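Enquirer: Have a peek at start17.csv (CSV, C-alpha atoms and all ligand atoms).
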```csv
chain,number,residue,atom,x,y,z
N,14,MET,CA,-3.9,-3.7,17.2
N,15,ARG,CA,-2.4,-2.6,13.9
N,16,ILE,CA,-4.6,-2.9,10.8
N,17,ASP,CA,-3.3,-2.3,7.3
N,18,VAL,CA,-5.7,-2.2,4.3
N,19,VAL,CA,-4.4,-2.4,0.7
N,20,THR,CA,-7.0,-1.3,-1.9
N,21,ILE,CA,-7.3,0.6,-5.2
N,22,PHE,CA,-10.0,2.7,-3.5
N,23,PRO,CA,-8.4,4.1,-0.3
N,24,GLN,CA,-11.3,6.6,0.1
N,25,TYR,CA,-13.7,3.7,0.5
N,26,LEU,CA,-12.2,3.0,3.9
N,27,ASP,CA,-12.8,6.6,5.1
N,28,ALA,CA,-15.9,5.2,6.9
N,29,LEU,CA,-13.5,3.6,9.4
N,30,ARG,CA,-12.5,7.1,10.6
N,31,ILE,CA,-16.0,7.8,12.0
N,32,SER,CA,-18.2,6.5,14.8
N,33,LEU,CA,-17.0,3.6,17.0
N,34,ILE,CA,-14.0,2.5,15.0
N,35,GLY,CA,-13.0,6.1,14.4
N,36,ARG,CA,-13.0,6.7,18.1
N,37,ALA,CA,-11.0,3.6,18.8
N,38,THR,CA,-8.4,4.8,16.3
N,39,GLY,CA,-8.3,8.2,17.9
N,40,ALA,CA,-7.9,6.5,21.3
N,41,GLY,CA,-4.9,4.5,20.0
N,42,LEU,CA,-6.7,1.1,20.4
N,43,ILE,CA,-6.6,0.5,16.7
N,44,ASP,CA,-3.6,1.7,14.6
N,45,LEU,CA,-5.2,2.0,11.1
N,46,HIS,CA,-3.2,2.4,7.8
N,47,VAL,CA,-4.8,2.5,4.4
N,48,HIS,CA,-2.6,2.1,1.3
N,49,ASP,CA,-3.3,2.5,-2.4
N,50,LEU,CA,-2.2,-0.6,-4.3
N,51,ARG,CA,-1.3,1.5,-7.4
N,52,GLU,CA,1.6,3.0,-5.5
N,53,TRP,CA,3.3,-0.4,-6.2
N,54,THR,CA,2.8,-0.3,-9.9
N,55,ASN,CA,5.6,0.8,-12.3
N,56,ASP,CA,3.8,1.5,-15.6
N,57,ARG,CA,2.3,4.8,-16.8
N,58,HIS,CA,-1.3,3.5,-16.4
N,59,ARG,CA,-0.6,2.1,-12.9
N,60,THR,CA,-2.1,-1.2,-14.1
N,61,VAL,CA,-3.2,-3.7,-11.4
N,62,ASP,CA,-5.0,-6.3,-13.5
N,63,ASP,CA,-4.8,-8.5,-16.6
N,64,THR,CA,-6.8,-11.0,-18.6
N,65,PRO,CA,-7.5,-14.4,-17.0
N,66,TYR,CA,-5.5,-17.4,-18.1
N,67,GLY,CA,-7.8,-20.0,-19.5
N,68,GLY,CA,-10.1,-17.3,-20.8
N,69,GLY,CA,-13.4,-16.1,-19.4
N,70,PRO,CA,-15.0,-12.8,-18.6
N,71,GLY,CA,-13.5,-10.0,-16.5
N,72,MET,CA,-10.0,-9.3,-15.3
N,73,VAL,CA,-7.8,-10.7,-12.6
N,74,MET,CA,-5.6,-8.7,-10.2
N,75,SER,CA,-1.9,-9.3,-11.0
N,76,PRO,CA,0.4,-10.8,-8.4
N,77,GLU,CA,3.3,-8.4,-8.9
N,78,PRO,CA,1.8,-5.2,-7.4
N,79,TRP,CA,0.2,-7.3,-4.6
N,80,GLY,CA,3.6,-9.0,-3.8
N,81,ALA,CA,5.4,-5.6,-3.8
N,82,ALA,CA,2.7,-3.9,-1.7
N,83,LEU,CA,2.4,-6.7,0.9
N,84,ASP,CA,6.1,-7.1,1.3
N,85,ASP,CA,6.5,-3.4,1.9
N,86,VAL,CA,3.5,-3.1,4.2
N,87,ARG,CA,4.8,-6.1,6.2
N,88,ALA,CA,8.1,-4.3,6.8
N,89,ARG,CA,6.4,-1.3,8.4
N,90,ALA,CA,5.9,-2.9,11.8
N,91,ASP,CA,7.5,-5.7,13.8
N,92,ALA,CA,4.5,-8.0,14.4
N,93,ALA,CA,3.9,-10.8,11.9
N,94,PRO,CA,0.5,-10.2,10.4
N,95,LEU,CA,-2.4,-12.4,9.5
N,96,LEU,CA,-3.2,-11.7,5.8
N,97,VAL,CA,-7.0,-11.5,5.3
N,98,ILE,CA,-8.4,-11.7,1.8
N,99,PRO,CA,-12.1,-11.1,1.6
N,100,THR,CA,-13.7,-13.2,-1.2
N,101,PRO,CA,-17.1,-14.7,-1.9
N,102,SER,CA,-15.3,-18.1,-2.3
N,103,GLY,CA,-13.7,-17.9,1.2
N,104,THR,CA,-14.8,-19.6,4.5
N,105,ARG,CA,-17.6,-17.8,6.3
N,106,PHE,CA,-16.6,-14.9,8.6
N,107,THR,CA,-18.7,-15.2,11.8
N,108,GLN,CA,-19.0,-13.7,15.2
N,109,SER,CA,-16.5,-16.3,16.5
N,110,THR,CA,-14.0,-15.2,13.7
N,111,ALA,CA,-14.5,-11.6,14.9
N,112,ALA,CA,-13.8,-12.6,18.5
N,113,ALA,CA,-10.7,-14.6,17.6
N,114,TRP,CA,-9.3,-11.7,15.4
N,115,SER,CA,-10.1,-9.1,18.0
N,116,GLY,CA,-7.1,-10.5,19.9
N,117,VAL,CA,-4.6,-10.6,17.0
N,118,PRO,CA,-1.9,-8.0,17.1
N,119,ARG,CA,-1.7,-7.3,13.4
N,120,LEU,CA,-4.1,-7.8,10.4
N,121,VAL,CA,-3.4,-6.9,6.8
N,122,PHE,CA,-6.4,-6.8,4.5
N,123,ALA,CA,-6.0,-7.2,0.7
N,124,CYS,CA,-9.0,-5.9,-1.1
N,125,GLY,CA,-9.6,-7.7,-4.4
N,126,ARG,CA,-11.6,-6.2,-7.3
N,127,TYR,CA,-12.8,-7.6,-10.6
N,128,GLU,CA,-12.6,-11.4,-10.7
N,129,GLY,CA,-10.3,-11.5,-7.7
N,130,ILE,CA,-6.6,-11.6,-7.0
N,131,ASP,CA,-4.2,-14.1,-8.7
N,132,SER,CA,-4.4,-17.2,-6.5
N,133,ARG,CA,-0.7,-17.5,-6.1
N,134,VAL,CA,-0.8,-14.4,-3.8
N,135,ALA,CA,-2.8,-16.4,-1.1
N,136,GLN,CA,-0.6,-19.4,-1.8
N,137,HIS,CA,2.6,-17.5,-1.3
N,138,TYR,CA,1.7,-15.7,1.9
N,139,SER,CA,0.2,-18.8,3.5
N,140,ASN,CA,3.8,-20.2,3.5
N,141,ALA,CA,5.7,-17.0,4.1
N,142,PRO,CA,7.8,-17.2,7.3
N,143,ASP,CA,7.2,-13.7,8.5
N,144,TRP,CA,3.4,-13.9,8.2
N,145,GLN,CA,0.8,-15.6,10.4
N,146,GLY,CA,-0.8,-17.2,7.4
N,147,VAL,CA,-3.7,-16.3,5.2
N,148,ALA,CA,-7.5,-16.2,5.8
N,149,GLU,CA,-9.7,-16.1,2.8
N,150,VAL,CA,-13.2,-15.2,4.1
N,151,SER,CA,-16.6,-14.4,2.9
N,152,ILE,CA,-19.1,-12.2,4.7
N,153,GLY,CA,-22.1,-13.9,3.1
N,154,ASP,CA,-23.5,-15.7,0.1
N,155,TYR,CA,-23.7,-12.8,-2.3
N,156,VAL,CA,-21.1,-11.1,-4.5
N,157,LEU,CA,-19.8,-7.6,-3.8
N,158,ALA,CA,-18.0,-5.5,-6.3
N,159,GLY,CA,-14.8,-5.7,-4.2
N,160,GLY,CA,-13.4,-6.6,-0.8
N,161,GLU,CA,-13.6,-3.0,0.6
N,162,ALA,CA,-17.2,-3.2,1.9
N,163,ALA,CA,-16.3,-6.6,3.4
N,164,VAL,CA,-13.3,-5.0,5.2
N,165,LEU,CA,-15.6,-2.3,6.7
N,166,VAL,CA,-17.9,-5.1,8.0
N,167,ILE,CA,-15.1,-7.2,9.4
N,168,VAL,CA,-13.2,-4.3,11.0
N,169,GLU,CA,-16.4,-3.1,12.7
N,170,ALA,CA,-17.3,-6.6,13.9
N,171,LEU,CA,-13.9,-7.3,15.4
N,172,GLY,CA,-13.1,-3.7,16.5
N,173,ARG,CA,-16.1,-3.5,18.8
N,174,LEU,CA,-14.8,-6.6,20.6
N,175,ILE,CA,-11.4,-5.1,21.4
N,176,PRO,CA,-11.4,-4.3,25.2
N,177,GLY,CA,-12.1,-0.6,25.7
N,178,VAL,CA,-13.7,0.1,22.3
N,179,LEU,CA,-17.3,-0.3,23.5
N,180,GLY,CA,-18.2,2.1,26.3
N,181,ASN,CA,-20.0,-0.7,28.2
N,182,GLN,CA,-18.3,-4.1,27.8
N,183,GLU,CA,-21.6,-5.7,29.0
N,184,SER,CA,-23.3,-4.9,25.8
N,185,ALA,CA,-21.2,-7.2,23.7
N,186,ALA,CA,-22.2,-10.2,25.9
N,187,ASP,CA,-25.9,-9.9,25.0
N,188,ASP,CA,-25.3,-9.6,21.3
N,189,SER,CA,-26.8,-12.1,18.8
N,190,PHE,CA,-24.3,-14.9,18.4
N,191,ALA,CA,-22.2,-13.9,21.4
N,192,PRO,CA,-20.4,-16.8,23.1
N,193,GLY,CA,-22.3,-18.3,26.0
N,194,ALA,CA,-26.1,-18.1,26.3
N,195,MET,CA,-26.5,-16.3,22.9
N,196,ALA,CA,-24.1,-18.6,20.9
N,197,ASP,CA,-26.7,-19.9,18.5
N,198,LEU,CA,-29.4,-17.3,19.0
N,199,VAL,CA,-30.3,-13.9,17.7
N,200,GLU,CA,-31.2,-11.2,20.1
N,201,GLY,CA,-34.9,-10.6,21.0
N,202,PRO,CA,-36.8,-7.3,20.7
N,203,VAL,CA,-35.7,-4.2,22.5
N,204,PHE,CA,-37.8,-1.2,23.7
N,205,THR,CA,-37.3,2.3,25.1
N,206,LYS,CA,-39.6,5.2,26.2
N,207,PRO,CA,-42.5,5.9,25.8
N,208,VAL,CA,-44.4,3.0,27.3
N,209,ASN,CA,-47.2,3.4,24.8
N,210,TRP,CA,-46.3,4.4,21.2
N,211,ARG,CA,-49.1,4.5,18.6
N,212,GLY,CA,-51.1,2.2,20.8
N,213,LEU,CA,-48.3,-0.4,21.1
N,214,GLU,CA,-47.3,-1.2,24.7
N,215,VAL,CA,-43.9,-2.2,26.0
N,216,PRO,CA,-44.2,-5.7,27.4
N,217,GLU,CA,-45.2,-5.5,31.1
N,218,VAL,CA,-42.4,-7.7,32.4
N,219,LEU,CA,-39.8,-5.1,31.3
N,220,LEU,CA,-41.4,-2.5,33.5
N,221,SER,CA,-41.5,-4.8,36.5
N,222,GLY,CA,-37.9,-4.2,37.7
N,223,HIS,CA,-37.8,-8.0,38.4
N,224,HIS,CA,-34.3,-8.9,37.0
N,225,GLY,CA,-34.9,-12.7,37.1
N,226,GLN,CA,-38.1,-12.5,35.2
N,227,ILE,CA,-36.7,-10.1,32.7
N,228,ALA,CA,-33.7,-12.4,32.0
N,229,THR,CA,-36.1,-15.4,31.6
N,230,TRP,CA,-38.4,-13.4,29.2
N,231,ARG,CA,-35.4,-12.2,27.2
N,232,ALA,CA,-34.1,-15.7,26.8
N,233,ALA,CA,-37.5,-16.9,25.7
N,234,GLU,CA,-37.8,-14.0,23.2
N,235,ALA,CA,-34.3,-14.8,21.8
N,236,GLU,CA,-35.4,-18.4,21.2
N,237,ARG,CA,-38.7,-17.3,19.7
N,238,ARG,CA,-37.1,-14.9,17.3
N,239,THR,CA,-34.5,-17.4,16.3
N,240,VAL,CA,-37.2,-20.0,15.4
N,241,GLN,CA,-39.0,-17.3,13.5
N,242,MET,CA,-36.2,-15.6,11.6
N,243,ARG,CA,-33.2,-18.0,11.6
N,244,PRO,CA,-34.4,-21.6,11.9
N,245,ASP,CA,-31.1,-22.6,10.2
N,246,LEU,CA,-29.4,-21.8,13.5
N,247,LEU,CA,-31.4,-24.4,15.5
N,248,PRO,CA,-29.8,-27.7,16.5
N,249,ASP,CA,-32.2,-29.6,14.2
N,250,PRO,CA,-32.9,-27.1,11.4
N,251,PRO,CA,-36.0,-27.8,9.3
N,252,GLU,CA,-35.2,-28.9,5.7
N,253,ALA,CA,-34.6,-25.9,3.5
M,1,LIG,N1,-15.9,-9.8,-2.2
M,1,LIG,C1,-16.9,-9.9,-3.1
M,1,LIG,N2,-17.9,-10.5,-2.5
M,1,LIG,C2,-17.5,-10.8,-1.2
M,1,LIG,C3,-18.2,-11.5,-0.1
M,1,LIG,N3,-19.4,-11.9,-0.1
M,1,LIG,N4,-17.5,-11.6,1.1
M,1,LIG,C4,-16.2,-11.1,1.1
M,1,LIG,N5,-15.6,-10.5,0.1
M,1,LIG,C5,-16.2,-10.4,-1.0
```
Kindly return the structure encoded in the file as structure tokens.
Expert:
Amino acid sequence: MRIDVVTIFPQYLDALRISLIGRATGAGLIDLHVHDLREWTNDRHRTVDDTPYGGGPGMVMSPEPWGAALDDVRARADAAPLLVIPTPSGTRFTQSTAAAWSGVPRLVFACGRYEGIDSRVAQHYSNAPDWQGVAEVSIGDYVLAGGEAAVLVIVEALGRLIPGVLGNQESAADDSFAPGAMADLVEGPVFTKPVNWRGLEVPEVLLSGHHGQIATWRAAEAERRTVQMRPDLLPDPPEA
């Protein structure tokens, strides 16, 4: 999979060079390219923003550098990309979005700052013939200073679902929200050695070696923890 990220803070994405995603990049499973939006400005100050039409606080990112950058980045590989624009006003990015995007050959991320990117950029690329459309997504109901942290989250979530990225493919199947038995559940508690730590014991069943009973216990614990922590995920969530 090829991933391009356009940002005014390229260094922010350095975190993708370490750990799991860093290894996937090293192994050629992810072909990552980070670009500085200011390379596509023409003025002395390398300006990327302007005041909002209609007034109001803050600044809006101008469509010109974005159009120039995205056209140029598009031309650097054959596959038509999906343009992903992280924004608090987007649709929710979930585990199923991550699973769907883990199979996409090419993603281009546009990181907005300030009050966001001029809306015509999303409008233009959603109808552009050599693109796979535009996804404006939010990673949660809070406002970040920019899209960069959201890109780190999204790339890590989808990257670990690319075949070969996780050492043990089994481990993604038991994740919270994984399709199948875990679809609307969070994962239950986990334990390792020692059996007794500060007077707290590992549940007996996990030491039994009885795989059937362990699976039943884990399913019940996932259910219990979902009720406790995430009642909103239940088929009939209690009123908020
Ligand atoms: N940019 C700012 N806040 C964001 C959020 N919650 N999700 C995605 N992108 C964002």
Enquirer: Enumerate residues in contact with ligand LIG 1 (chain M): an atom-to-atom distance of at most 10 Å, counting only C-alpha atoms and all ligand atoms. Format the result as a count of residues only.
Expert: 33
Enquirer: Restricting the calculation to all atoms listed in the file, which member of N:Ser109, N:Gln226, N:Ser115, N:Thr64 is positioned closest to Glu169 in chain N?
Expert: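 Under the stated criterion, the closest residue is N:Ser115.
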Enquirer: Of the residues N:Val178, N:Leu220, N:Ala185, N:Leu83, which is the one nearest to Gly41 in chain N, using only C-alpha atoms?
Expert: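 Distance minimum relative to Gly41 in chain N lands on N:Val178.
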Enquirer: Work out how far CA of Met14 in chain N is from CA of Asp44 in chain N, in Å to one decimal.
Expert: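 These atoms are spaced 6.0 Å apart.
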Enquirer: Compile the contact shell of Asp91 in chain N as a list in words: residues with an atom at most 10 Å away, counting all atoms listed in the file, same-chain residues fewer than 4 positions apart removed.
Expert: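 After dropping sequence-adjacent residues, the list is Arg87, Arg119 and Asp143 of chain N.
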Enquirer: For range 133-136 of chain N, find every residue with an atom within 7 Å (counting all atoms listed in the file), except residues of its own chain fewer than 2 positions away, and show them as a list of chain:residue names.
Expert: N:Pro76, N:Gly80, N:Asp131, N:Tyr138, N:Ser139, N:Asn140, N:Val147
Enquirer: Between CA of Arg15 in chain N and CA of Ser32 in chain N, measure the distance and give it in Å to one decimal.
Expert: 18.3 Å
Enquirer: Quick one: of N:Ala28, N:Leu33, N:Ile21, N:Ala90, who's nearest to Asp62 in chain N, counting all atoms listed in the file?
Expert: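 Ranked by minimum distance to Asp62 in chain N, first place goes to N:Ile21.
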Enquirer: Find the distance between CA of Val86 in chain N and CA of Ala113 in chain N and write it in Å to one decimal.
Expert: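 Going from CA of Val86 in chain N over to CA of Ala113 in chain N, I get 22.7 Å.
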Enquirer: What's around range 240-244 of chain N at 12 Å? Count all atoms listed in the file, leave out sequence neighbours fewer than 3 positions away in its own chain, and write the answer as a list in words.
Expert: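 Using all atoms listed in the file, the neighbours found are Ser189, Phe190, Asp197, Leu198, Val199, Glu200, Gly201, Ala233, Glu234, Ala235, Glu236, Arg237, Leu247, Pro248, Asp249, Pro250, Pro251, Glu252 and Ala253 of chain N.
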